[in-house]
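Peer 1: Here you go, one structure.
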Amino acid sequence: MHKSLICDRCKETINNSTYLVSSNGVTEHRHLLCLLRYFSMLKRSFWAASLVGTILILLNQGDFIFAGDFYKGLVWKVPLTYLVPFCVATWGAVTNSKSTYA
Ligand SMILES: [Zn+2]
């Protein structure tokens, strides 16, 4: 028999998977949805996406942008180029913080 865990953010019981977050040497348990609202993780994903997205835009669209050719496709390609690395970084953080408990 194992003791039930309490989410350190919403204070409700964690029945399924728990996700561990550490800040200032303190480790906390969270639900998945509470983890997805964890500001430090979102901030890291944001900065990773900013760096990777900018590099990808320069690689893929740099020729057009520097030539002044702002064609219509940029309207969806640029946001998507930042969104994909944001999702990948967040997915990586979520899977890495998943605990084997329960
Ligand atoms: Zn919670």
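Ordered as shown in the structure tokens, chains take letters A, B, and onward, while each chain numbers its residues from 1 and ligands are numbered from 1 in the order shown.
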With only C-alpha atoms and all ligand atoms counted, collect every polymer residue having an atom within 8 Å of ligand 1; state the result as a ChimeraX atom specification.
Peer 2: /A:6-14,30-35
Peer 1: Would you list the contacts of Leu80 in chain A as a ChimeraX atom specification, taking every protein, DNA or RNA residue within 12 Å and counting only C-alpha atoms, but skipping same-chain residues closer than 4 positions in sequence?
Peer 2: /A:49-50,52-54,56-57,73-76,84-87
Peer 1: As a VMD selection string, please: all residues of chain A that backbone DSSP puts in alpha helix (DSSP H).
Peer 2: chain A and resid 32 to 35 39 to 66 74 to 97
Peer 1: Using DSSP on the backbone, list every residue of range 27-99 of chain A that comes out as strand (DSSP E or B), and give them as a VMD selection string.
Peer 2: chain A and resid 27 to 30 98
Peer 1: Since we have the selection now, will you write its residues out, keeping C-alpha atoms, as a PDB file, in the first residue's frame?
Peer 2:
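The resulting file, out31.pdb, is reproduced below:
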ATOM      1  CA  THR A  27      10.910  19.212  -5.145  1.00  0.00           C
ATOM      2  CA  GLU A  28       7.144  19.400  -5.650  1.00  0.00           C
ATOM      3  CA  HIS A  29       4.591  16.959  -7.070  1.00  0.00           C
ATOM      4  CA  ARG A  30       2.090  18.158  -9.669  1.00  0.00           C
ATOM      5  CA  LYS A  98       7.139  12.309 -15.091  1.00  0.00           C
TER       6      LYS A  98
END
Peer 1: Suppose you want the space between CA of Val88 in chain A and CA of Tyr19 in chain A; what is it in Å?
Peer 2: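 Taking CA of Val88 in chain A as the start and CA of Tyr19 in chain A as the end point, the length is 17.3 Å.
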Peer 1: Report the distance between CA of Leu20 in chain A and CA of Ser97 in chain A in Å, rounded to one decimal place.
Peer 2: 5.1 Å
